[in-house]
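Peer 1: Below is structure_10.csv; it holds CSV, C-alpha atoms.
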```csv
chain,number,residue,atom,x,y,z
A,2,MET,CA,41.4,52.5,33.8
A,3,PRO,CA,42.7,49.7,31.6
A,4,GLY,CA,42.4,49.8,27.8
A,5,PHE,CA,40.5,47.1,26.0
A,6,ASP,CA,43.7,45.6,24.5
A,7,GLU,CA,45.5,45.5,27.8
A,8,VAL,CA,42.8,43.6,29.5
A,9,ALA,CA,43.0,39.8,29.4
A,10,VAL,CA,40.6,37.0,30.4
A,11,GLY,CA,41.7,36.0,33.9
A,12,ASP,CA,42.6,39.5,35.1
A,13,ALA,CA,41.5,40.0,38.6
A,14,LEU,CA,40.2,43.3,40.1
A,15,PRO,CA,42.0,44.3,43.3
A,16,ALA,CA,40.1,42.6,46.1
A,17,VAL,CA,38.6,45.0,48.7
A,18,GLU,CA,37.8,44.0,52.3
A,19,GLN,CA,35.3,45.9,54.3
A,20,ARG,CA,33.7,45.5,57.7
A,21,ILE,CA,29.9,46.1,57.6
A,22,GLU,CA,28.6,47.7,60.8
A,23,GLN,CA,25.1,48.5,62.0
A,24,ALA,CA,25.8,52.2,61.2
A,25,ASP,CA,26.5,51.3,57.6
A,26,LEU,CA,23.1,49.6,57.3
A,27,VAL,CA,21.3,52.6,58.8
A,28,ARG,CA,23.2,54.9,56.5
A,29,TYR,CA,22.3,52.7,53.5
A,30,ALA,CA,18.6,52.5,54.6
A,31,GLY,CA,18.4,56.3,54.8
A,32,ALA,CA,20.2,56.9,51.4
A,33,SER,CA,18.2,54.2,49.5
A,34,GLY,CA,14.9,54.4,51.3
A,35,ASP,CA,14.9,50.6,52.0
A,36,PHE,CA,13.7,50.6,55.6
A,37,ASN,CA,13.0,46.8,55.9
A,38,PRO,CA,13.4,46.3,59.7
A,39,LEU,CA,15.3,43.1,58.9
A,40,HIS,CA,18.3,45.5,58.5
A,41,TRP,CA,18.0,47.4,61.7
A,42,GLU,CA,15.6,46.0,64.3
A,43,PRO,CA,17.0,43.0,66.2
A,44,GLU,CA,13.6,41.9,67.5
A,45,PHE,CA,12.1,41.7,64.0
A,46,ALA,CA,15.2,40.1,62.7
A,47,ALA,CA,15.1,37.4,65.4
A,48,LYS,CA,11.7,36.3,64.0
A,49,VAL,CA,12.4,36.3,60.3
A,50,SER,CA,16.1,36.5,59.6
A,51,PRO,CA,17.8,33.3,58.3
A,52,THR,CA,20.6,34.0,60.8
A,53,GLY,CA,18.2,35.0,63.6
A,54,GLY,CA,19.9,38.5,63.6
A,55,VAL,CA,20.2,41.7,61.6
A,56,ILE,CA,21.7,41.2,58.1
A,57,ALA,CA,22.9,43.6,55.5
A,58,HIS,CA,20.8,44.7,52.6
A,59,GLY,CA,21.6,42.7,49.5
A,60,MET,CA,21.6,46.0,47.6
A,61,LEU,CA,24.3,47.4,50.0
A,62,ASN,CA,26.6,44.5,49.0
A,63,MET,CA,25.7,45.1,45.3
A,64,GLY,CA,26.5,48.7,45.8
A,65,LEU,CA,29.9,47.8,47.2
A,66,VAL,CA,30.5,45.6,44.0
A,67,SER,CA,29.3,48.6,41.9
A,68,ARG,CA,31.9,50.8,43.7
A,69,VAL,CA,34.8,48.3,43.1
A,70,VAL,CA,33.8,47.7,39.4
A,71,THR,CA,33.4,51.5,38.8
A,72,ALA,CA,36.8,52.3,40.2
A,73,TRP,CA,38.4,49.7,37.9
A,74,ALA,CA,36.4,50.8,34.9
A,75,GLY,CA,37.3,54.4,35.4
A,76,GLY,CA,33.8,55.9,35.9
A,77,PRO,CA,30.2,55.0,36.3
A,78,GLU,CA,29.4,55.8,32.6
A,79,ARG,CA,31.6,52.8,31.6
A,80,VAL,CA,29.5,50.3,33.5
A,81,ARG,CA,26.9,48.9,31.0
A,82,SER,CA,25.3,46.4,33.2
A,83,LEU,CA,25.6,44.8,36.6
A,84,SER,CA,23.8,41.8,38.1
A,85,ALA,CA,23.9,40.1,41.5
A,86,SER,CA,22.6,36.9,42.8
A,87,PHE,CA,22.2,37.0,46.6
A,88,ARG,CA,22.9,33.8,48.3
A,89,ALA,CA,24.3,33.7,51.9
A,90,PRO,CA,23.0,36.2,54.5
A,91,CYS,CA,25.6,38.8,55.5
A,92,PRO,CA,25.3,39.3,59.3
A,93,VAL,CA,26.0,42.8,60.7
A,94,GLY,CA,29.6,43.0,61.9
A,95,SER,CA,30.9,40.8,59.0
A,96,THR,CA,34.1,41.6,57.1
A,97,VAL,CA,33.3,41.0,53.5
A,98,THR,CA,35.6,40.6,50.5
A,99,ILE,CA,34.5,42.1,47.3
A,100,GLY,CA,36.1,40.8,44.1
A,101,GLY,CA,35.9,40.5,40.3
A,102,GLU,CA,37.5,38.7,37.4
A,103,VAL,CA,37.5,39.2,33.7
A,104,VAL,CA,35.9,36.1,32.2
A,105,ASP,CA,35.2,37.2,28.6
A,106,LYS,CA,35.8,40.0,26.1
A,107,ASP,CA,33.6,41.3,23.3
A,108,ASP,CA,35.8,42.5,20.5
A,109,ARG,CA,33.0,44.1,18.6
A,110,ALA,CA,31.5,46.1,21.5
A,111,ARG,CA,34.9,46.5,23.2
A,112,THR,CA,33.6,45.4,26.5
A,113,ALA,CA,35.0,43.2,29.2
A,114,ILE,CA,32.6,40.8,30.9
A,115,LEU,CA,33.4,40.2,34.6
A,116,GLN,CA,32.2,37.8,37.2
A,117,VAL,CA,31.8,39.6,40.5
A,118,TRP,CA,31.3,38.4,44.1
A,119,VAL,CA,31.1,39.2,47.8
A,120,THR,CA,32.3,36.5,50.3
A,121,LEU,CA,32.4,36.1,54.0
A,122,PRO,CA,35.6,35.0,55.8
A,123,ASP,CA,34.3,31.4,56.0
A,124,GLY,CA,33.9,31.4,52.2
A,125,ALA,CA,30.1,31.8,52.2
A,126,LYS,CA,28.9,33.5,49.1
A,127,VAL,CA,26.9,36.6,49.9
A,128,ILE,CA,26.9,37.5,46.2
A,129,ASN,CA,27.5,34.4,44.2
A,130,ARG,CA,30.1,34.8,41.4
A,131,ARG,CA,28.7,32.2,39.0
A,132,SER,CA,25.5,34.2,38.5
A,133,SER,CA,26.7,37.7,39.1
A,134,ARG,CA,28.2,39.8,36.2
A,135,ALA,CA,29.4,43.2,35.2
A,136,VAL,CA,29.8,44.4,31.6
A,137,VAL,CA,32.3,47.3,31.3
A,138,GLN,CA,32.9,49.5,28.3
A,139,LEU,CA,36.6,50.0,27.6
A,140,ASP,CA,38.6,52.2,25.2
B,282,MET,CA,22.9,60.8,44.8
B,283,ARG,CA,25.8,62.0,47.1
B,284,GLU,CA,24.3,60.3,50.1
B,285,TYR,CA,23.9,57.0,48.1
B,286,ALA,CA,27.5,57.2,46.9
B,287,VAL,CA,28.8,57.7,50.5
B,288,ALA,CA,26.5,54.9,51.8
B,289,THR,CA,28.0,52.4,49.3
B,290,GLY,CA,31.6,53.4,50.1
B,291,VAL,CA,32.3,55.4,46.9
B,292,GLU,CA,35.5,57.4,47.4
B,293,ASP,CA,35.3,59.4,44.1
B,294,PRO,CA,35.8,63.0,45.1
B,295,ALA,CA,33.1,63.9,42.6
B,296,TYR,CA,30.5,62.9,45.2
B,297,THR,CA,32.3,64.1,48.3
B,298,ALA,CA,33.6,67.4,47.1
B,299,ASP,CA,32.0,70.7,48.0
B,300,SER,CA,29.1,71.1,45.6
B,301,ALA,CA,30.5,74.5,44.7
B,302,GLU,CA,33.6,72.7,43.3
B,303,ILE,CA,31.7,70.1,41.3
B,304,PRO,CA,28.2,71.2,40.5
B,305,SER,CA,25.5,68.5,41.1
B,306,ASN,CA,24.3,68.8,37.6
B,307,GLU,CA,27.6,67.3,36.4
B,308,LEU,CA,27.3,64.2,38.5
B,309,ILE,CA,26.6,60.8,37.0
B,310,ALA,CA,24.9,58.3,39.3
B,311,PRO,CA,26.7,55.2,40.6
B,312,PRO,CA,25.6,52.2,38.5
B,313,THR,CA,23.3,50.8,41.2
B,314,PHE,CA,21.8,54.1,42.2
B,315,ALA,CA,18.5,53.0,40.6
B,316,ALA,CA,18.1,50.9,43.7
B,317,CYS,CA,16.7,54.0,45.3
B,318,PHE,CA,13.6,54.0,43.1
B,319,THR,CA,13.4,50.4,41.9
B,320,VAL,CA,14.0,48.6,45.3
B,321,GLY,CA,14.0,51.1,48.1
B,322,ARG,CA,11.4,53.9,47.8
B,323,THR,CA,8.9,51.8,46.0
B,324,ASP,CA,5.2,51.5,46.7
B,325,LEU,CA,5.0,48.7,44.2
B,326,PHE,CA,4.1,46.1,46.9
B,327,ASP,CA,1.4,48.2,48.6
B,328,ASP,CA,-1.5,46.7,46.6
B,329,PRO,CA,-3.3,44.5,49.1
B,330,GLU,CA,-4.3,42.1,46.3
B,331,LEU,CA,-0.7,41.3,45.7
B,332,GLY,CA,-0.5,39.8,49.2
B,333,ALA,CA,3.1,41.1,49.7
B,334,HIS,CA,4.4,41.6,53.2
B,335,THR,CA,7.6,42.5,54.9
B,336,ASN,CA,9.0,39.0,55.5
B,337,LEU,CA,11.0,39.0,52.4
B,338,VAL,CA,14.6,38.9,51.1
B,339,HIS,CA,16.1,39.9,47.8
B,340,GLY,CA,16.9,37.0,45.5
B,341,ASN,CA,18.7,38.6,42.6
B,342,GLN,CA,18.9,42.0,40.9
B,343,SER,CA,20.3,43.4,37.6
B,344,TYR,CA,20.6,46.8,36.1
B,345,GLU,CA,21.1,47.4,32.4
B,346,LEU,CA,22.3,50.9,31.9
B,347,HIS,CA,21.3,52.3,28.5
B,348,GLN,CA,22.7,55.8,29.3
B,349,PRO,CA,24.0,57.4,32.5
B,350,ILE,CA,21.5,58.6,35.1
B,351,ARG,CA,22.1,62.4,35.6
B,352,VAL,CA,21.1,64.8,38.2
B,353,GLY,CA,18.1,66.9,37.1
B,354,SER,CA,16.6,64.4,34.7
B,355,THR,CA,13.1,63.0,35.4
B,356,LEU,CA,12.7,59.3,34.8
B,357,VAL,CA,9.3,57.6,34.0
B,358,CYS,CA,9.4,54.1,35.5
B,359,SER,CA,7.1,51.4,34.2
B,360,PRO,CA,7.0,48.3,36.4
B,361,GLN,CA,5.8,44.9,35.1
B,362,VAL,CA,5.4,41.6,36.9
B,363,THR,CA,7.3,39.2,34.7
B,364,ASP,CA,7.2,36.0,36.8
B,365,ILE,CA,5.6,34.6,40.0
B,366,VAL,CA,6.6,31.2,41.3
B,367,ASP,CA,4.8,29.6,44.2
B,368,ARG,CA,7.0,27.2,46.2
B,369,GLY,CA,4.7,26.8,49.2
B,370,ARG,CA,6.8,28.2,52.0
B,371,MET,CA,8.0,30.9,49.7
B,372,GLU,CA,6.8,32.9,46.7
B,373,LEU,CA,9.2,34.4,44.2
B,374,LEU,CA,8.1,37.7,42.5
B,375,THR,CA,10.1,39.0,39.6
B,376,LEU,CA,9.7,42.6,38.5
B,377,GLN,CA,11.0,44.4,35.4
B,378,ILE,CA,11.0,48.2,35.7
B,379,ASP,CA,11.8,50.1,32.6
B,380,CYS,CA,12.9,53.7,33.3
B,381,ALA,CA,12.9,56.2,30.5
B,382,ASP,CA,13.9,59.9,30.3
B,383,GLU,CA,10.8,61.9,30.4
B,384,ALA,CA,12.2,64.6,28.1
B,385,THR,CA,13.4,62.4,25.3
B,386,GLY,CA,11.5,59.1,25.9
B,387,GLU,CA,14.8,57.3,25.6
B,388,PRO,CA,15.5,54.3,27.8
B,389,VAL,CA,17.9,55.0,30.7
B,390,VAL,CA,17.9,51.9,32.9
B,391,THR,CA,16.2,48.5,33.0
B,392,SER,CA,15.8,46.9,36.4
B,393,ARG,CA,15.1,43.2,36.9
B,394,GLY,CA,14.8,41.8,40.3
B,395,THR,CA,13.3,38.9,42.2
B,396,MET,CA,12.0,39.2,45.7
B,397,ILE,CA,11.4,36.1,47.9
B,398,PHE,CA,8.5,36.3,50.2
B,399,PHE,CA,8.4,33.8,53.1
B,400,ASN,CA,5.0,32.6,54.2
B,401,ALA,CA,4.2,31.8,57.8
B,402,PRO,CA,3.7,28.0,58.1
B,403,GLU,CA,-0.1,28.3,58.6
B,404,GLU,CA,-0.4,30.4,55.4
B,405,ALA,CA,1.6,28.0,53.2
B,406,ASP,CA,-0.2,25.8,50.8
```
Render the structure in this file as structure tokens.
Peer 2:
Amino acid sequence: MPGFDEVAVGDALPAVEQRIEQADLVRYAGASGDFNPLHWEPEFAAKVSPTGGVIAHGMLNMGLVSRVVTAWAGGPERVRSLSASFRAPCPVGSTVTIGGEVVDKDDRARTAILQVWVTLPDGAKVINRRSSRAVVQLD
Amino acid sequence: MREYAVATGVEDPAYTADSAEIPSNELIAPPTFAACFTVGRTDLFDDPELGAHTNLVHGNQSYELHQPIRVGSTLVCSPQVTDIVDRGRMELLTLQIDCADEATGEPVVTSRGTMIFFNAPEEAD
């Protein structure tokens, strides 16, 4: 985990790529209790999905961001807040890139403020960085 | 909590280790774990007067963590509708849910989230 004085505005978190399969959505539905059929039933998704097909839970993508930020921060107790703005749908089978960048520091609170995001290979913003943030407590 | 950690790709051995090695009561929840009781297993939308339905997507979500969520604690969660916006084809419902430790009364996590409900064309204003 980085110390407060070692962190600079502009520092990037190591980007993580991950393919999201139907099994991941089923596992997330079971763990979180979010059984909206949009995330597992193709017939239902065909009627209501913006893509016409099954898409990932927004909260699964936010959970992936949480995992990446927590790993950088050095533990879940260091994450003070996390916000996500869900923009583009994330079709099942997509490979997403999860990223973050330090955009500000609070000297008094000794926190780093990060923009965080999830993108698809075509650049579509699943979690839009401009309106998605993490605040991390550092030593 | 272990299932949620695995489902979101957490590789921290604290969650994947044998529970005999790392007792569950020493675990701290992943920062977005509150999704399980503020987004997932929620009956908040069951009130028929609310007019909610399953044709919805999540617009945005935030968690403010006042202290870690620990195994064994009981949280009292107080939901409040903070905004409703009618855009005809879609309606935006924003909820704030304040979760406090039942034993101490101290705030643990504040959830704020907006759900977007899509209305069928014949139902739209």
Peer 1: Identify every residue of chain B that has at least one atom within 10 Å of any atom of chain A, counting all atoms listed in the file, and report the result as a VMD selection string.
Peer 2: chain B and resid 282 to 293 308 to 323 335 to 350 390 to 395 399 401
Peer 1: As an exercise, work out the distance from atom CA of Val17 of chain A to atom CA of Glu102 of chain A in Å and give it to one decimal place.
Peer 2: 13.0 Å
Peer 1: State, in Å with one decimal place, the distance from atom CA of Glu22 of chain A to atom CA of Gly100 of chain A.
Peer 2: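 For atom CA of Glu22 of chain A relative to atom CA of Gly100 of chain A, the distance reads 19.6 Å.
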Peer 1: With only C-alpha atoms as the counted atoms, please give the residues lying no more than 9 Å from Val8 of chain A, apart from itself and same-chain residues fewer than 6 positions off, as a short mmCIF file (atom, residue, chain, number, x, y, z; two decimals) with C-alpha atoms, in the frame of the given file.
Peer 2:
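Written out: out-v6.cif:
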```cif
data_model
loop_
_atom_site.label_atom_id
_atom_site.label_comp_id
_atom_site.auth_asym_id
_atom_site.auth_seq_id
_atom_site.Cartn_x
_atom_site.Cartn_y
_atom_site.Cartn_z
CA VAL A 103 37.50 39.20 33.70
CA LYS A 106 35.80 40.00 26.10
CA ALA A 113 35.00 43.20 29.20
#
```
Peer 1: Can you tell me, as a ChimeraX atom specification, what residues are no more than 7 Å from Leu121 of chain A when counting all atoms listed in the file, ignoring any on the same chain fewer than 6 positions away?
Peer 2: /A:96-98,127
Peer 1: Convert the current residue selection to file output with C-alpha atoms, as a PDB file, in the coordinates of the input.
Peer 2:
```
ATOM      1  CA  THR A  96      34.100  41.600  57.100  1.00  0.00           C
ATOM      2  CA  VAL A  97      33.300  41.000  53.500  1.00  0.00           C
ATOM      3  CA  THR A  98      35.600  40.600  50.500  1.00  0.00           C
ATOM      4  CA  VAL A 127      26.900  36.600  49.900  1.00  0.00           C
TER       5      VAL A 127
END
```
Peer 1: Set the distance at 8 Å and use all atoms listed in the file: which residues neighbour Thr112 of chain A once local chain neighbours fewer than 3 positions away are removed? I'd like the list as a VMD selection string.
Peer 2: chain A and resid 5 106 to 108 136 to 139
Peer 1: If you measure from atom CA of Asp123 of chain A to atom CA of Cys91 of chain A, what distance in Å do you get, rounded to one decimal?
Peer 2: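 Distance reported for this atom pair: 11.4 Å.
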